[in-house]
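Student: The structure that follows is given in the form of structure tokens.
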Amino acid sequence: MASALEGYVNRTVSIITADGRNFVGTLKGFDQTINLILDDSHERVYSMTQGVEQVVLGLHIIRGDNIVMVGELDDTIDSRLDLNSLRAEPIGPVVF
């Protein structure tokens with residue numbers, strides 16, 4: 001998987017972790033154990049009553065053993081979303 005991440009470097013990615021958290025930021029680097037370095041990052045916290053809260057993190061490292069999914073985010077489509085009016089259940093933890 002590490003070699004597949006090379007195409008995502010310096011691009012905006014969305015990462016889902018095993019504990020159900022969603023991080024969005026610019027992928028700056030990674031290592032052989034898929035530890036990821038994000039810049040200009042934030043966590044998106046979903047709620048059925050308050051919309052999506054974005055918690056600013058800045059430079060952030062995510063441990064590879066906690067990552068479930070990494071995908072490129074389309075900045076154009078993402079910028080058109082009104083996250084304040086979006087309602088969603090929080091992402092649950094992944095059970096293996």
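Convention: chains lettered A, B, ... in structure tokens order; per-chain residue numbering from 1; ligands numbered from 1 as shown.
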Env of segment 15-20 of chain A: 10 Å cut, atoms = only C-alpha atoms, seq-sep filter 4 positions within chain, self excluded. Answer as an MDAnalysis selection string.

Tutor: chainID A and resid 24:25 36 38 43 45 62:73 90:96

Student: Compile the contact shell of Ser85 of chain A as a PyMOL selection string: residues with an atom at most 9 Å away, counting only C-alpha atoms, same-chain residues fewer than 5 positions apart removed.

Tutor: chain A and resi 50-52

Student: Save the residues we just selected, C-alpha atoms, as an mmCIF file, in the first residue's frame?

Tutor:
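Saved result, out.cif, follows:
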```
data_model
loop_
_atom_site.group_PDB
_atom_site.id
_atom_site.type_symbol
_atom_site.label_atom_id
_atom_site.label_comp_id
_atom_site.auth_asym_id
_atom_site.auth_seq_id
_atom_site.Cartn_x
_atom_site.Cartn_y
_atom_site.Cartn_z
ATOM 1 C CA GLN A 50 -25.282 20.267 14.778
ATOM 2 C CA GLY A 51 -23.850 19.667 11.338
ATOM 3 C CA VAL A 52 -20.206 18.870 10.734
#
```

Student: Using only C-alpha atoms, which of A:Lys28, A:Leu59, A:Glu53, A:Thr76 sits nearest Ser41 of chain A?

Tutor: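 Closest residue, counting only C-alpha atoms: A:Leu59.
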
Student: For each of A:Asp75, A:Thr12, A:Gly7, A:Asn84, take the minimum atom-to-atom distance to Gln54 of chain A, counting only C-alpha atoms, then give the residue where this is smallest.

Tutor: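 Counting only C-alpha atoms, the residue closest to Gln54 of chain A is A:Asn84.
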
Student: Quick one: of A:Ile37, A:Ile77, A:Ala4, A:Leu86, who's nearest to His60 of chain A, counting only C-alpha atoms?

Tutor: A:Ile37
